[in-house]
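A short write-up of the structure that comes next.
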Amino acid sequence: MSNKTADVFWQDRDIRFDISPQELQLRNGENMIDKLDAVEDTKGNSGDRGKLFMTNLRLIWQSHSRPRVSLSVGWSCVTSISSRTVNSKLRGVAEALYILTKTNNTRFEFIFTNLSSGNSRLMSSVTSVSKAYNSSKMYRELKLRGAVIQNKQLKVLPEEKIYSKINGVWNLSSDQGNLGTFFITNVRLVWHANMNELFNISLPYIQMACVKMRDSKFGMALVVESTEVSGGYVLGFKIDPIERLQEVYKEISSLFHVHNTNPNYGVQFYIEERSSHLMSEEGPLLDPVEDDIEIINSDDQRDTFAAYFADENHGIDREPIYSEELGLAIEKLKEGFTLASLWAVIPS
């Protein structure tokens, strides 16, 4: 018997450029928090007016004139948020939002300029949502040996409800096993050892790959596997008698299914001044992207990355050199880049 999901959860932990219509759609449990209709992607698409969407998992920018030109920046990738003065093609000299990110050991920087003068919501909304995301990691991340238990009681998260407390649960991670206790809630499964409450695991349903019952050298056991993103752990638990084990399995399986149908990612944030057209009965609507997209499998895609690439080792300016092409002195280019590649524009 098993219960598993094949849905890949990437929206909050990845950065994607010019994403497909399917990737633009909000996944289950992803909610639109705010939307700004006049924002320039000053770093990569200067002079192009677009819309900026903030959800509980990511930041999405989409061009007005070319809907297929878009960005998806997961909140987990954001390392810093600040403001800086930029020269916008659409607004001139203005204060802009500067976001530094990191994904797969690569750093990107994004600069967004609010084209509505006197509106400070861009900076305040992005900063606040990012903080709300970072303060709710226990809803989304597997935690080993964390401070989740105090005096044998679970430290309950906001909006978390404890459905069951199960005593006499053996963790089968060692030959002897460790006797402990389950806390089954609406967002996660928590186990801790009775003799040492710091020996524990907190596993959100969103990071479960499957739940099943399987025979082991200790007899029939409950087996919970975590996703590859969370470490790919295989956790075994023994509960006697077998009828009680089956009841616990059914309860966890049911909650696992319900949560994955409508996940709670824990990001609590609400903006009172949202536009009335932001939400509809069927949920937030992004501009559709036409399906006749030409896919170019070449090194030209590197130019898209280059537009946002942040050289982490560039602490000081490189030495100036004379460019015969431009007829003036320029900063020496990073290895692998040419003037042609930096100025080239791929037709949409």
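Letters A, B, ... go to the chains of the structure tokens in the order shown; residues in each chain start at 1; ligands are counted from 1 in the same order.
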Under the rule of at most 6 Å, produce a per-residue listing of region 71-171 of chain A near region 49-67 of chain A: chain, number, name, the closest pair of atoms, and the distance in Å, as JSON lines, using only C-alpha atoms.
```
{"residue": "A:Leu71", "atom": "CA", "partner": "A:Trp61", "partner_atom": "CA", "distance": 5.1}
{"residue": "A:Ser72", "atom": "CA", "partner": "A:Ile60", "partner_atom": "CA", "distance": 4.6}
{"residue": "A:Val73", "atom": "CA", "partner": "A:Leu59", "partner_atom": "CA", "distance": 5.0}
{"residue": "A:Gly74", "atom": "CA", "partner": "A:Arg58", "partner_atom": "CA", "distance": 4.2}
{"residue": "A:Trp75", "atom": "CA", "partner": "A:Arg58", "partner_atom": "CA", "distance": 5.1}
```
* Can you pull out every residue within 7 Å of Ile81 (chain A), counting only C-alpha atoms, but drop anything in the same chain fewer than 6 positions away, and send it as a PyMOL selection string? => chain A and resi 98-100+127
* Nearby residues (only C-alpha atoms) at most 12 Å from Ser116 (chain A), same-chain spacing under 3 positions excluded, as a VMD selection string -> chain A and resid 36 to 40 49 51 90 to 91 94 to 96 113 119 to 122
* To do: Skip Gly29 (chain A) itself and residues of its chain fewer than 3 positions away, then list as a ChimeraX atom specification all residues within 10 Å of it, counting only C-alpha atoms.
  => /A:26,32,56-57,259-266
Do you know which residues are at most 9 Å from region 219-233 of chain A counting only C-alpha atoms, after dropping those on the same chain fewer than 6 positions away, and could you put them as a PDB file with N, CA and C atoms, in the first residue's frame?
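File produced: part.pdb:
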```pdb
ATOM      1  N   PHE A   9       7.823  20.469  -7.075  1.00  0.00           N
ATOM      2  CA  PHE A   9       7.659  21.760  -6.419  1.00  0.00           C
ATOM      3  C   PHE A   9       8.916  22.590  -6.664  1.00  0.00           C
ATOM      4  N   GLU A 141      10.124  23.135   4.694  1.00  0.00           N
ATOM      5  CA  GLU A 141      11.436  22.496   4.709  1.00  0.00           C
ATOM      6  C   GLU A 141      11.533  21.398   5.769  1.00  0.00           C
ATOM      7  N   LEU A 142      12.153  20.290   5.364  1.00  0.00           N
ATOM      8  CA  LEU A 142      12.428  19.215   6.319  1.00  0.00           C
ATOM      9  C   LEU A 142      13.458  19.691   7.329  1.00  0.00           C
ATOM     10  N   LEU A 172      13.027   3.402  13.284  1.00  0.00           N
ATOM     11  CA  LEU A 172      13.844   2.251  12.907  1.00  0.00           C
ATOM     12  C   LEU A 172      15.153   2.640  12.222  1.00  0.00           C
ATOM     13  N   LEU A 203       8.760  16.926   9.176  1.00  0.00           N
ATOM     14  CA  LEU A 203       8.647  16.694   7.733  1.00  0.00           C
ATOM     15  C   LEU A 203       7.316  17.238   7.209  1.00  0.00           C
ATOM     16  N   TYR A 205       4.265  17.923   4.688  1.00  0.00           N
ATOM     17  CA  TYR A 205       3.671  17.064   3.662  1.00  0.00           C
ATOM     18  C   TYR A 205       4.151  17.449   2.267  1.00  0.00           C
ATOM     19  N   ILE A 206       4.447  18.719   2.050  1.00  0.00           N
ATOM     20  CA  ILE A 206       4.882  19.176   0.733  1.00  0.00           C
ATOM     21  C   ILE A 206       6.235  18.576   0.363  1.00  0.00           C
ATOM     22  N   GLN A 207       7.012  18.102   1.354  1.00  0.00           N
ATOM     23  CA  GLN A 207       8.305  17.477   1.092  1.00  0.00           C
ATOM     24  C   GLN A 207       8.251  15.958   1.226  1.00  0.00           C
ATOM     25  N   MET A 208       7.065  15.400   1.275  1.00  0.00           N
ATOM     26  CA  MET A 208       6.915  13.943   1.263  1.00  0.00           C
ATOM     27  C   MET A 208       6.791  13.461  -0.173  1.00  0.00           C
ATOM     28  N   ALA A 209       7.535  12.414  -0.509  1.00  0.00           N
ATOM     29  CA  ALA A 209       7.410  11.801  -1.835  1.00  0.00           C
ATOM     30  C   ALA A 209       6.344  10.716  -1.826  1.00  0.00           C
ATOM     31  N   CYS A 210       6.308   9.923  -0.749  1.00  0.00           N
ATOM     32  CA  CYS A 210       5.284   8.891  -0.632  1.00  0.00           C
ATOM     33  C   CYS A 210       5.186   8.395   0.793  1.00  0.00           C
ATOM     34  N   VAL A 211       4.049   7.796   1.093  1.00  0.00           N
ATOM     35  CA  VAL A 211       3.774   7.173   2.396  1.00  0.00           C
ATOM     36  C   VAL A 211       3.278   5.766   2.110  1.00  0.00           C
ATOM     37  N   LYS A 212       3.844   4.763   2.782  1.00  0.00           N
ATOM     38  CA  LYS A 212       3.422   3.390   2.521  1.00  0.00           C
ATOM     39  C   LYS A 212       3.686   2.498   3.728  1.00  0.00           C
ATOM     40  N   MET A 213       3.104   1.307   3.685  1.00  0.00           N
ATOM     41  CA  MET A 213       3.384   0.275   4.684  1.00  0.00           C
ATOM     42  C   MET A 213       4.215  -0.807   4.013  1.00  0.00           C
ATOM     43  N   ILE A 239       4.842   0.654  14.832  1.00  0.00           N
ATOM     44  CA  ILE A 239       3.771   0.909  15.793  1.00  0.00           C
ATOM     45  C   ILE A 239       3.009  -0.385  16.012  1.00  0.00           C
ATOM     46  N   ILE A 242      -0.730  -4.074  14.867  1.00  0.00           N
ATOM     47  CA  ILE A 242      -0.833  -3.806  13.448  1.00  0.00           C
ATOM     48  C   ILE A 242      -2.070  -2.967  13.115  1.00  0.00           C
ATOM     49  N   LEU A 245      -1.189   0.582  13.672  1.00  0.00           N
ATOM     50  CA  LEU A 245      -0.315   1.024  12.591  1.00  0.00           C
ATOM     51  C   LEU A 245      -1.123   1.387  11.351  1.00  0.00           C
ATOM     52  N   GLN A 246      -2.097   0.560  11.027  1.00  0.00           N
ATOM     53  CA  GLN A 246      -2.938   0.811   9.857  1.00  0.00           C
ATOM     54  C   GLN A 246      -3.748   2.101  10.027  1.00  0.00           C
ATOM     55  N   VAL A 248      -2.875   4.758  11.814  1.00  0.00           N
ATOM     56  CA  VAL A 248      -1.947   5.889  11.680  1.00  0.00           C
ATOM     57  C   VAL A 248      -1.599   6.092  10.208  1.00  0.00           C
ATOM     58  N   TYR A 249      -1.367   4.998   9.487  1.00  0.00           N
ATOM     59  CA  TYR A 249      -1.056   5.092   8.055  1.00  0.00           C
ATOM     60  C   TYR A 249      -2.184   5.770   7.297  1.00  0.00           C
TER      61      TYR A 249
END
```
* **Interatomic distance, CA of Met138 (chain A) to CA of Val126 (chain A) (Å, one decimal)** => 20.8 Å
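Excluding Asn196 (chain A) itself and same-chain residues fewer than 2 positions from it, the residues having an atom within 12 Å of it are Arg145, Gly146, Ala147, Ile149, Gln150, Asn151, Lys152, Asn178, Leu179, Gly180, Thr181, Trp191, His192, Ala193, Asn194, Leu198, Phe199 and Asn200 of chain A, counting only C-alpha atoms.
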* Asked: Taking the backbone alone, and naming residues the way the document does, which bits of region 161-230 of chain A are strand (DSSP E or B) by DSSP, as a VMD selection string?
  -> chain A and resid 162 to 171 178 to 185 188 to 193 200 to 204 208 to 216 219 to 226
* Asked: Nearest to Pro21 (chain A): which of A:Val69, A:Val148, A:Val8, A:Ala310 is it, counting only C-alpha atoms?
  -> A:Val69
* Could you pull out the alpha helix (DSSP H) residues of region 49-292 of chain A from DSSP and send them as number ranges by chain? -> A: 121-134, 242-261
Saved selection, atoms kept: C-alpha atoms, as a PDB file, in the first residue's frame:
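Result file is part_0.pdb:
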```pdb
ATOM      1  CA  ARG A 121       4.408  49.941  -2.922  1.00  0.00           C
ATOM      2  CA  LEU A 122       6.984  48.142  -5.069  1.00  0.00           C
ATOM      3  CA  MET A 123       9.714  48.275  -2.427  1.00  0.00           C
ATOM      4  CA  SER A 124       7.433  47.793   0.580  1.00  0.00           C
ATOM      5  CA  SER A 125       5.466  44.878  -0.875  1.00  0.00           C
ATOM      6  CA  VAL A 126       8.463  42.907  -2.144  1.00  0.00           C
ATOM      7  CA  THR A 127      10.376  43.395   1.123  1.00  0.00           C
ATOM      8  CA  SER A 128       7.407  42.414   3.291  1.00  0.00           C
ATOM      9  CA  VAL A 129       6.481  39.313   1.291  1.00  0.00           C
ATOM     10  CA  SER A 130      10.118  38.160   1.260  1.00  0.00           C
ATOM     11  CA  LYS A 131      10.267  38.479   5.064  1.00  0.00           C
ATOM     12  CA  ALA A 132       6.986  36.606   5.447  1.00  0.00           C
ATOM     13  CA  TYR A 133       8.356  33.813   3.258  1.00  0.00           C
ATOM     14  CA  ASN A 134      11.626  33.529   5.188  1.00  0.00           C
ATOM     15  CA  ILE A 242      -0.833  -3.806  13.448  1.00  0.00           C
ATOM     16  CA  GLU A 243      -4.378  -2.382  13.610  1.00  0.00           C
ATOM     17  CA  ARG A 244      -3.041   0.786  15.227  1.00  0.00           C
ATOM     18  CA  LEU A 245      -0.315   1.024  12.591  1.00  0.00           C
ATOM     19  CA  GLN A 246      -2.938   0.811   9.857  1.00  0.00           C
ATOM     20  CA  GLU A 247      -4.982   3.596  11.493  1.00  0.00           C
ATOM     21  CA  VAL A 248      -1.947   5.889  11.680  1.00  0.00           C
ATOM     22  CA  TYR A 249      -1.056   5.092   8.055  1.00  0.00           C
ATOM     23  CA  LYS A 250      -4.583   5.953   6.886  1.00  0.00           C
ATOM     24  CA  GLU A 251      -4.579   9.241   8.823  1.00  0.00           C
ATOM     25  CA  ILE A 252      -1.175  10.375   7.484  1.00  0.00           C
ATOM     26  CA  SER A 253      -2.058   9.271   3.939  1.00  0.00           C
ATOM     27  CA  SER A 254      -5.315  11.199   4.051  1.00  0.00           C
ATOM     28  CA  LEU A 255      -3.680  14.397   5.348  1.00  0.00           C
ATOM     29  CA  PHE A 256      -0.840  13.996   2.828  1.00  0.00           C
ATOM     30  CA  HIS A 257      -3.382  13.830  -0.014  1.00  0.00           C
ATOM     31  CA  VAL A 258      -5.488  16.740   1.287  1.00  0.00           C
ATOM     32  CA  HIS A 259      -2.467  18.987   1.817  1.00  0.00           C
ATOM     33  CA  ASN A 260      -1.054  18.315  -1.647  1.00  0.00           C
ATOM     34  CA  THR A 261      -4.450  19.115  -3.167  1.00  0.00           C
TER      35      THR A 261
END
```
* Asked: If you count only C-alpha atoms, which residues fall within 10 Å of Asn45 (chain A), apart from same-chain ones fewer than 2 positions away, as an NGL selection string?
  -> :A and (40-43 or 47-50 or 63 or 69-70 or 89 or 111-112 or 304 or 307-308)
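Using only C-alpha atoms, the nearest neighbour of Arg27 (chain A) within the list A:Asn186, A:Ser82, A:Gln11, A:Ser174 is A:Gln11.
In terms of minimum interatomic distance to Ser216 (chain A), A:Ser173 ranks closest within A:Asn28, A:Thr185, A:Ser173, A:Thr103, counting only C-alpha atoms.
Distance check against Ser117 (chain A) using only C-alpha atoms: of A:Glu324, A:Val93, A:Val234, A:Ser135, the minimum falls on A:Val93.
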